[in-house]
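> This is protein_27.cif, which holds mmCIF, C-alpha atoms:
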```cif
data_start
loop_
_atom_site.label_atom_id
_atom_site.label_comp_id
_atom_site.auth_asym_id
_atom_site.auth_seq_id
_atom_site.Cartn_x
_atom_site.Cartn_y
_atom_site.Cartn_z
CA MET A 1 22.57 -12.68 -8.02
CA MET A 2 20.56 -12.80 -11.24
CA SER A 3 22.42 -11.21 -14.11
CA PRO A 4 21.14 -8.02 -15.76
CA ASN A 5 18.61 -8.71 -18.53
CA SER A 6 16.94 -11.29 -16.27
CA THR A 7 13.19 -10.74 -16.15
CA ILE A 8 11.03 -9.67 -13.21
CA GLY A 9 7.39 -10.74 -13.48
CA ILE A 10 4.74 -8.43 -12.06
CA PHE A 11 1.26 -9.77 -11.32
CA GLY A 12 -0.92 -6.66 -11.64
CA GLY A 13 -0.77 -3.66 -13.91
CA GLY A 14 -1.23 -0.58 -11.74
CA GLN A 15 1.09 2.21 -10.72
CA LEU A 16 3.00 0.10 -8.20
CA GLY A 17 3.97 -2.39 -10.86
CA ARG A 18 4.85 0.48 -13.18
CA MET A 19 7.27 1.98 -10.67
CA VAL A 20 8.84 -1.41 -9.86
CA ALA A 21 9.43 -1.98 -13.58
CA MET A 22 10.97 1.47 -13.98
CA ALA A 23 13.35 0.89 -11.05
CA ALA A 24 14.31 -2.54 -12.39
CA ARG A 25 14.99 -1.12 -15.86
CA ALA A 26 17.37 1.47 -14.37
CA MET A 27 19.44 -1.43 -13.01
CA GLY A 28 19.41 -3.29 -16.31
CA TYR A 29 16.60 -5.79 -15.67
CA ARG A 30 13.63 -6.58 -17.88
CA SER A 31 10.03 -7.00 -16.81
CA VAL A 32 6.74 -8.54 -17.84
CA SER A 33 3.31 -7.73 -16.40
CA LEU A 34 -0.11 -9.38 -16.26
CA ASP A 35 -3.31 -7.36 -16.04
CA PRO A 36 -6.70 -7.39 -17.80
CA GLY A 37 -6.04 -3.94 -19.28
CA SER A 38 -3.90 -3.75 -22.41
CA ASP A 39 -2.93 -0.11 -21.72
CA CYS A 40 -2.65 -0.20 -17.94
CA PRO A 41 0.15 1.76 -16.21
CA SER A 42 2.51 -1.23 -16.06
CA ALA A 43 1.95 -2.22 -19.68
CA GLN A 44 3.28 1.17 -20.79
CA VAL A 45 6.76 0.46 -19.38
CA THR A 46 7.29 -3.32 -19.20
CA ASP A 47 9.04 -5.26 -21.95
CA HIS A 48 6.02 -7.52 -22.41
CA HIS A 49 2.43 -7.42 -21.17
CA ILE A 50 -0.06 -10.26 -20.84
CA ALA A 51 -3.62 -8.94 -21.10
CA ALA A 52 -5.63 -11.50 -19.16
CA ALA A 53 -7.92 -11.89 -16.16
CA TYR A 54 -6.26 -12.37 -12.78
CA ASP A 55 -7.87 -15.80 -12.37
CA ASP A 56 -6.69 -17.01 -15.81
CA LEU A 57 -4.33 -19.79 -14.71
CA ASP A 58 -2.92 -20.31 -18.22
CA ALA A 59 -1.96 -16.63 -18.29
CA ALA A 60 -0.41 -17.00 -14.83
CA ARG A 61 1.69 -19.88 -16.13
CA GLU A 62 2.75 -17.76 -19.11
CA LEU A 63 3.86 -15.01 -16.72
CA ALA A 64 5.92 -17.59 -14.81
CA GLU A 65 7.49 -18.95 -18.00
CA ARG A 66 8.48 -15.48 -19.19
CA SER A 67 9.94 -14.50 -15.78
CA ASP A 68 12.91 -15.45 -13.65
CA VAL A 69 11.24 -14.21 -10.46
CA VAL A 70 7.74 -12.82 -9.76
CA THR A 71 6.05 -10.36 -7.41
CA TYR A 72 2.51 -8.98 -7.13
CA GLU A 73 1.58 -5.32 -6.84
CA PHE A 74 -1.61 -5.54 -4.79
CA GLU A 75 -3.00 -8.09 -2.36
CA ASN A 76 -6.55 -8.43 -3.72
CA VAL A 77 -5.39 -10.93 -6.32
CA ASP A 78 -6.28 -14.53 -7.00
CA ALA A 79 -4.18 -16.48 -4.48
CA THR A 80 -4.55 -19.66 -6.53
CA ALA A 81 -2.89 -17.96 -9.50
CA ILE A 82 0.00 -16.84 -7.30
CA GLU A 83 0.42 -20.37 -5.98
CA VAL A 84 0.43 -21.74 -9.55
CA ILE A 85 3.22 -19.28 -10.40
CA SER A 86 5.17 -20.21 -7.26
CA GLU A 87 5.29 -23.84 -8.42
CA VAL A 88 7.33 -22.69 -11.44
CA LYS A 89 9.31 -19.63 -10.30
CA PRO A 90 10.15 -17.90 -7.01
CA VAL A 91 7.44 -15.47 -5.85
CA TYR A 92 8.25 -12.71 -3.35
CA PRO A 93 6.58 -12.21 -0.92
CA SER A 94 5.42 -15.83 -0.74
CA PRO A 95 1.82 -17.01 -1.30
CA SER A 96 1.59 -17.72 2.44
CA VAL A 97 2.28 -14.05 3.23
CA LEU A 98 -0.33 -13.04 0.65
CA ARG A 99 -2.97 -15.24 2.24
CA VAL A 100 -2.38 -13.60 5.63
CA CYS A 101 -2.60 -10.08 4.26
CA GLN A 102 -5.69 -10.50 2.08
CA ASP A 103 -7.93 -11.75 4.90
CA ARG A 104 -8.43 -9.50 7.92
CA GLU A 105 -9.41 -12.39 10.18
CA ILE A 106 -6.23 -14.32 9.41
CA GLU A 107 -4.20 -11.11 9.54
CA LYS A 108 -5.42 -10.07 12.99
CA ASP A 109 -5.18 -13.60 14.41
CA THR A 110 -1.64 -13.98 13.03
CA LEU A 111 -0.50 -10.63 14.42
CA SER A 112 -2.02 -11.41 17.81
CA GLY A 113 -0.28 -14.78 17.79
CA LEU A 114 3.04 -13.02 17.15
CA GLY A 115 2.44 -10.71 20.12
CA ILE A 116 1.99 -7.67 17.87
CA PRO A 117 -0.41 -5.10 19.41
CA VAL A 118 -3.66 -4.54 17.46
CA PRO A 119 -6.98 -2.85 18.27
CA GLU A 120 -9.43 -5.06 20.15
CA TYR A 121 -11.48 -7.03 17.62
CA ARG A 122 -14.09 -9.75 17.14
CA ILE A 123 -15.07 -11.77 14.06
CA VAL A 124 -18.85 -11.98 13.60
CA ARG A 125 -21.11 -13.96 11.27
CA SER A 126 -24.59 -12.81 12.29
CA VAL A 127 -26.42 -9.77 13.58
CA GLU A 128 -26.67 -11.42 17.00
CA GLU A 129 -22.91 -11.97 17.15
CA THR A 130 -22.35 -8.40 16.00
CA VAL A 131 -24.54 -6.97 18.74
CA ALA A 132 -22.70 -9.08 21.32
CA ALA A 133 -19.30 -8.00 19.96
CA VAL A 134 -20.20 -4.33 20.03
CA ASP A 135 -21.52 -4.70 23.57
CA ASP A 136 -18.28 -6.42 24.58
CA ILE A 137 -15.87 -3.96 22.89
CA GLY A 138 -17.93 -0.85 23.51
CA LEU A 139 -18.94 1.93 21.13
CA PRO A 140 -17.71 3.42 18.91
CA VAL A 141 -16.46 0.63 16.64
CA VAL A 142 -15.45 0.25 13.03
CA MET A 143 -16.88 -2.70 11.10
CA LYS A 144 -15.03 -4.04 8.07
CA THR A 145 -15.44 -6.80 5.53
CA VAL A 146 -12.88 -9.54 6.12
CA ARG A 147 -11.84 -9.53 2.45
CA TRP A 148 -11.54 -7.16 -0.53
CA GLY A 149 -11.59 -3.84 1.31
CA TYR A 150 -9.17 -1.04 0.43
CA ASP A 151 -8.93 2.78 0.49
CA GLY A 152 -11.75 3.04 2.99
CA LYS A 153 -14.09 0.75 1.05
CA GLY A 154 -15.77 -2.15 2.78
CA GLN A 155 -15.97 -0.53 6.19
CA ARG A 156 -18.30 1.54 8.32
CA VAL A 157 -17.96 3.40 11.60
CA VAL A 158 -20.75 2.66 14.09
CA ARG A 159 -21.37 5.11 16.91
CA ASN A 160 -24.74 3.96 18.29
CA THR A 161 -26.52 0.65 18.80
CA ALA A 162 -29.28 1.49 16.32
CA GLU A 163 -26.75 1.26 13.46
CA VAL A 164 -25.28 -2.14 14.34
CA ALA A 165 -27.65 -4.44 12.43
CA SER A 166 -27.85 -2.22 9.35
CA ALA A 167 -24.04 -1.93 9.23
CA PHE A 168 -23.62 -5.70 9.29
CA GLU A 169 -26.14 -6.09 6.47
CA GLU A 170 -24.70 -3.18 4.48
CA LEU A 171 -21.30 -4.88 4.54
CA GLY A 172 -22.84 -8.11 3.25
CA GLY A 173 -22.14 -9.99 6.45
CA SER A 174 -23.17 -13.64 6.69
CA VAL A 175 -21.95 -17.04 7.83
CA ASP A 176 -19.91 -17.29 4.65
CA ALA A 177 -18.85 -13.62 4.63
CA PRO A 178 -17.76 -12.72 8.17
CA VAL A 179 -17.24 -9.14 9.33
CA ILE A 180 -14.59 -7.87 11.72
CA VAL A 181 -15.64 -5.52 14.50
CA GLU A 182 -12.80 -3.37 15.87
CA SER A 183 -12.50 -0.79 18.57
CA LEU A 184 -12.42 2.65 16.95
CA ILE A 185 -9.09 4.10 18.02
CA ASP A 186 -8.95 7.73 19.07
CA PHE A 187 -5.48 8.08 17.59
CA ALA A 188 -3.12 11.02 17.72
CA MET A 189 -1.49 10.07 14.44
CA GLU A 190 -1.39 7.40 11.75
CA VAL A 191 2.05 6.18 10.72
CA SER A 192 3.47 3.50 8.46
CA VAL A 193 6.75 1.72 7.98
CA VAL A 194 7.79 -0.10 4.83
CA CYS A 195 10.17 -2.88 5.86
CA ALA A 196 12.43 -4.71 3.42
CA ARG A 197 13.66 -8.23 4.14
CA SER A 198 16.04 -10.30 2.06
CA LEU A 199 16.11 -14.03 1.40
CA GLU A 200 18.90 -14.25 3.98
CA GLY A 201 16.78 -12.50 6.62
CA GLU A 202 18.52 -9.12 6.53
CA MET A 203 16.05 -6.30 7.29
CA ARG A 204 15.98 -2.58 6.63
CA ALA A 205 13.10 -0.35 7.70
CA PHE A 206 12.41 2.83 5.75
CA PRO A 207 11.92 5.96 7.88
CA VAL A 208 8.63 6.21 9.76
CA THR A 209 6.02 8.04 7.68
CA GLU A 210 3.22 10.18 9.09
CA ASN A 211 0.03 9.75 7.06
CA MET A 212 -3.14 11.80 6.73
CA HIS A 213 -6.23 10.32 5.09
CA VAL A 214 -9.34 11.91 3.59
CA ASP A 215 -12.43 9.71 3.16
CA GLY A 216 -10.34 6.62 3.81
CA ILE A 217 -7.83 7.40 1.04
CA LEU A 218 -4.26 8.46 1.72
CA ASP A 219 -3.95 12.18 1.09
CA THR A 220 -0.57 13.30 2.47
CA SER A 221 2.58 11.58 3.75
CA VAL A 222 5.17 13.46 5.82
CA VAL A 223 8.72 12.32 6.60
CA PRO A 224 10.17 12.38 9.14
CA ALA A 225 6.98 11.69 11.06
CA ARG A 226 6.26 14.38 13.64
CA CYS A 227 6.30 11.99 16.58
CA SER A 228 8.55 11.25 19.53
CA ASP A 229 11.74 9.24 19.21
CA ALA A 230 10.13 6.56 21.37
CA VAL A 231 7.21 6.18 18.96
CA ARG A 232 9.59 6.12 16.00
CA VAL A 233 11.69 3.36 17.54
CA GLU A 234 8.62 1.32 18.47
CA ALA A 235 7.05 1.66 15.00
CA GLU A 236 10.23 0.39 13.35
CA ARG A 237 10.50 -2.45 15.89
CA VAL A 238 6.91 -3.51 15.23
CA ALA A 239 7.38 -3.44 11.45
CA MET A 240 10.54 -5.56 11.64
CA SER A 241 8.80 -7.99 14.01
CA VAL A 242 6.00 -8.39 11.49
CA ALA A 243 8.44 -8.95 8.60
CA GLU A 244 10.39 -11.54 10.57
CA GLY A 245 7.30 -13.21 12.03
CA LEU A 246 5.73 -13.69 8.60
CA ASP A 247 9.07 -14.68 7.03
CA VAL A 248 8.64 -11.98 4.40
CA VAL A 249 11.02 -11.86 1.45
CA GLY A 250 10.49 -8.53 -0.29
CA LEU A 251 8.51 -5.66 1.20
CA ILE A 252 5.84 -5.43 3.87
CA ALA A 253 4.09 -2.14 4.63
CA VAL A 254 2.77 -1.89 8.18
CA GLU A 255 0.11 0.75 8.84
CA MET A 256 -0.20 1.75 12.50
CA PHE A 257 -2.17 3.95 14.86
CA VAL A 258 -0.36 5.98 17.49
CA THR A 259 -2.68 6.48 20.45
CA ARG A 260 -2.75 9.63 22.54
CA ASP A 261 -0.83 7.68 25.19
CA GLY A 262 1.92 6.88 22.69
CA GLU A 263 0.97 3.23 22.17
CA VAL A 264 1.54 1.82 18.66
CA LEU A 265 -1.17 -0.50 17.28
CA VAL A 266 -1.07 -2.24 13.90
CA ASN A 267 -4.02 -1.46 11.66
CA GLU A 268 -3.29 -3.19 8.35
CA LEU A 269 -0.55 -4.91 6.35
CA ALA A 270 0.31 -4.73 2.66
CA PRO A 271 2.88 -7.20 1.22
CA ARG A 272 4.10 -4.86 -1.53
CA PRO A 273 5.29 -1.32 -2.23
CA HIS A 274 2.89 1.10 -0.56
CA ASN A 275 1.34 4.44 -1.42
CA SER A 276 2.81 5.89 1.77
CA GLY A 277 6.27 4.93 0.51
CA HIS A 278 6.14 6.69 -2.85
CA TRP A 279 8.09 9.60 -1.35
CA THR A 280 11.15 7.32 -1.14
CA ILE A 281 11.88 7.86 -4.86
CA GLU A 282 13.17 11.36 -4.13
CA GLY A 283 13.44 11.26 -0.34
CA CYS A 284 15.61 8.18 0.27
CA VAL A 285 18.96 6.98 -0.96
CA THR A 286 17.17 3.85 -2.23
CA SER A 287 13.47 3.87 -3.12
CA GLN A 288 11.04 1.16 -2.02
CA PHE A 289 10.74 0.11 -5.66
CA GLU A 290 14.46 -0.27 -6.23
CA GLN A 291 14.76 -2.11 -2.92
CA LEU A 292 12.16 -4.66 -3.97
CA ALA A 293 13.89 -5.18 -7.32
CA ARG A 294 17.24 -5.61 -5.55
CA ILE A 295 15.82 -8.27 -3.23
CA MET A 296 14.10 -10.13 -6.05
CA VAL A 297 17.26 -10.51 -8.13
CA GLY A 298 19.46 -11.34 -5.13
CA MET A 299 21.34 -8.04 -5.05
CA SER A 300 22.51 -6.43 -1.81
CA MET A 301 19.92 -4.14 -0.28
CA GLY A 302 20.39 -0.40 -0.62
CA ASP A 303 20.75 2.34 1.98
CA VAL A 304 17.35 3.54 3.23
CA GLY A 305 18.68 6.75 4.76
CA LEU A 306 16.60 9.92 4.45
CA ARG A 307 18.06 12.48 2.03
CA SER A 308 15.97 15.38 3.34
CA PRO A 309 12.55 16.09 4.85
CA THR A 310 9.99 15.02 2.25
CA VAL A 311 6.24 15.34 1.71
CA MET A 312 4.04 13.48 -0.77
CA VAL A 313 0.50 14.45 -1.75
CA ASN A 314 -1.72 12.16 -3.77
CA LEU A 315 -3.33 13.32 -6.99
CA LEU A 316 -6.83 11.87 -7.30
CA GLY A 317 -9.21 12.25 -10.19
CA ASP A 318 -10.70 15.13 -8.21
CA VAL A 319 -7.80 17.28 -9.48
CA TRP A 320 -8.77 16.60 -13.10
CA GLU A 321 -12.41 17.23 -12.27
CA ALA A 322 -11.59 20.62 -10.72
CA ALA A 323 -9.37 21.55 -13.67
CA GLY A 324 -11.89 20.57 -16.32
CA GLY A 325 -9.80 17.56 -17.33
CA ASN A 326 -6.61 19.54 -18.01
CA PRO A 327 -4.59 20.26 -14.83
CA ASP A 328 -1.84 22.89 -14.81
CA TRP A 329 1.28 20.72 -14.56
CA GLY A 330 3.46 23.60 -15.65
CA ALA A 331 2.58 25.47 -12.47
CA VAL A 332 3.48 22.40 -10.42
CA LEU A 333 6.86 21.84 -12.05
CA GLY A 334 7.69 25.53 -11.78
CA MET A 335 7.88 25.20 -8.00
CA ALA A 336 11.26 24.51 -6.40
CA ARG A 337 12.13 20.93 -5.37
CA THR A 338 8.84 19.60 -6.71
CA HIS A 339 8.56 16.27 -8.53
CA LEU A 340 5.51 15.14 -10.51
CA HIS A 341 4.58 11.48 -11.02
CA LEU A 342 1.64 10.65 -13.29
CA TYR A 343 0.59 7.02 -13.64
CA GLY A 344 -0.56 6.98 -17.27
CA LYS A 345 -4.14 5.99 -16.51
CA SER A 346 -6.43 6.47 -19.48
CA GLY A 347 -9.37 8.07 -17.72
CA TYR A 348 -9.97 9.93 -14.49
CA ARG A 349 -12.77 9.71 -11.99
CA VAL A 350 -13.27 11.28 -8.59
CA GLY A 351 -11.41 9.25 -5.95
CA ARG A 352 -9.16 7.41 -8.40
CA LYS A 353 -5.42 7.61 -7.77
CA MET A 354 -3.89 9.22 -10.84
CA GLY A 355 -0.48 10.35 -9.62
CA HIS A 356 1.41 12.08 -6.83
CA ILE A 357 3.60 15.09 -6.13
CA THR A 358 6.72 14.83 -3.98
CA VAL A 359 8.45 17.85 -2.48
CA THR A 360 11.77 17.88 -0.61
CA GLY A 361 12.76 20.72 1.68
CA GLU A 362 15.01 21.93 4.45
CA THR A 363 12.16 21.28 6.91
CA VAL A 364 8.94 19.27 6.92
CA GLU A 365 6.93 22.48 7.25
CA GLU A 366 8.57 24.01 4.18
CA ALA A 367 8.01 20.88 2.08
CA LEU A 368 4.40 20.55 3.28
CA THR A 369 3.57 24.15 2.39
CA VAL A 370 4.96 23.75 -1.13
CA ALA A 371 3.30 20.36 -1.69
CA ILE A 372 -0.15 21.68 -0.76
CA ALA A 373 0.37 24.77 -2.91
CA ALA A 374 1.51 22.63 -5.84
CA ARG A 375 -1.58 20.46 -5.74
CA GLU A 376 -3.83 23.50 -5.49
CA ALA A 377 -2.04 25.08 -8.46
CA SER A 378 -2.61 21.95 -10.53
CA MET A 379 -6.36 22.37 -10.18
CA ARG A 380 -6.33 25.51 -12.29
CA ARG A 381 -7.74 24.76 -15.69
CA VAL A 382 -5.38 25.11 -18.66
CA ASP A 383 -6.97 25.69 -22.06
CA ALA A 384 -6.13 22.85 -24.41
#
```
Render the structure in this file as structure tokens.


Amino acid sequence: MMSPNSTIGIFGGGQLGRMVAMAARAMGYRSVSLDPGSDCPSAQVTDHHIAAAYDDLDAARELAERSDVVTYEFENVDATAIEVISEVKPVYPSPSVLRVCQDREIEKDTLSGLGIPVPEYRIVRSVEETVAAVDDIGLPVVMKTVRWGYDGKGQRVVRNTAEVASAFEELGGSVDAPVIVESLIDFAMEVSVVCARSLEGEMRAFPVTENMHVDGILDTSVVPARCSDAVRVEAERVAMSVAEGLDVVGLIAVEMFVTRDGEVLVNELAPRPHNSGHWTIEGCVTSQFEQLARIMVGMSMGDVGLRSPTVMVNLLGDVWEAAGGNPDWGAVLGMARTHLHLYGKSGYRVGRKMGHITVTGETVEEALTVAIAAREASMRRVDA
């Protein structure tokens, strides 16, 4: 185990890196971050910050030199920079896991090769191939860019043949920029599982989370998920199979569809802490952020047991917009069992993740009612 005061390097400067650094600090570890912004969320809490572009290999080497172990806080990073770092210091999850998760073609092919159920899909590189794929799969479908998509960006739902060609072109599809065509799943529920895996191969799956999205962005997470025990067991099994199959060291978030027949299909992977796991700070014995820090420094993994039913609601820039730039946080914190997390971002815009509210309760329904009320209360304008 690395001794306290060892340094965890974080490639990326957003809220995920910020919360990893905060969890590490609570256990006596230092941190250093790399991000182009000098006042990004991570920079506000790490011991040192390197303000540099993600593809700046000299800066990546500096991060490695200042760290004892390194992680990354989002998958749309420069894989070459991560590989450069891995030549100097351990990186968790490994660059090979990153390459799988940042390319939907590789991701789907890898999952299929592991026997993990996914929606029917085809990779296309021309309008003609797209038409053939849609004809083969059957409408409706969802078309996505193979790389760089997140929070609903880089994808389009197609419900009739007249939209197929325009959707391919809108997504920038070409021989060099393939598009994935997937069956649009008529799901009963979306769930996710964050799975932790140590260097020795020990695994612990956080409780299954029920997720609700608005415009492709996570809006609300509910735990325990309101699904059958059979679905819960299968979702955890799938997540652990993914973690083991990819030889993950660290965290892997597995987003899944639950069909109306109770089948569990993997939608996407994220090799890092996940928005749908933010509730673990208050809701679990060990948060996803502390768990990652524990794994990185070689410490025993913590208990992932659920403390109580918990609900998380995201706070987007829309809240600031509705409140005239000055939300009523006093009203939020005045509600029982409510916890406010703001990410320290310098400016808001509609759709930008700015923070979240977590509420614990005796029941999911109680926590959900309070969480929704708390977010609505925050939208009331407070005079400066």

> Applied to this file, what does the PyMOL selection byres ((chain A and resi 186-191) around 10) return in terms of residues, put as a ChimeraX atom specification?

/A:140,183-185,192-193,208-213,221-223,225-227,231-232,235,254-267,276

> Could you state the separation of CA of Arg61 (chain A) and CA of Arg147 (chain A) in Å, given to one decimal place?

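Between CA of Arg61 (chain A) and CA of Arg147 (chain A) the gap works out to 25.2 Å.
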
> May I ask which of the residues A:Glu202, A:Glu376, A:Asp58, A:Glu170 is the closest one to Arg156 (chain A), counting all atoms listed in the file?

A:Glu170

> Could you tell me which residues the PyMOL selection byres ((chain A and resi 199) around 9) returns for this structure, as a list in words?

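What the PyMOL selection byres ((chain A and resi 199) around 9) grabs from the file is Arg197, Ser198, Glu200, Gly201, Glu202, Val248, Val249, Gly250, Ile295, Met296 and Gly298 of chain A.
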
> Identify which of the residues A:Leu63, A:Val158, A:Val134, A:Cys284 lies closest to His48 (chain A), counting only C-alpha atoms when measuring atom-to-atom distances.

A:Leu63

> Under the rule that all atoms listed in the file are counted, which of A:Gly344, A:Gly172, A:Gly245, A:Gly277 is the nearest residue to Leu111 (chain A)?

A:Gly245

> List the residues selected by the PyMOL selection byres ((chain A and resi 101) around 7) in the file shown, writing them as a PyMOL selection string.

chain A and resi 75+97-100+102-104+107+269-271

> Please report the interatomic distance between CA of Thr7 (chain A) and CA of Tyr29 (chain A) in Å with one decimal.

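Rounded to one decimal, the two atoms are 6.0 Å apart.
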
> Give me, please, the distance in Å between CA of Pro207 (chain A) and CA of Phe74 (chain A), quoted to one decimal.

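Those two atoms sit 21.8 Å apart.
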
> Which one is closest to Pro273 (chain A): A:Met301, A:Cys195, A:Ile106, A:Met2? Count all atoms listed in the file.

A:Cys195

> Using only C-alpha atoms, can you list as a PyMOL selection string the residues within 12 Å of (-16.0, -10.3, 5.2)?

chain A and resi 102-106+123-126+143-149+153-155+168-181
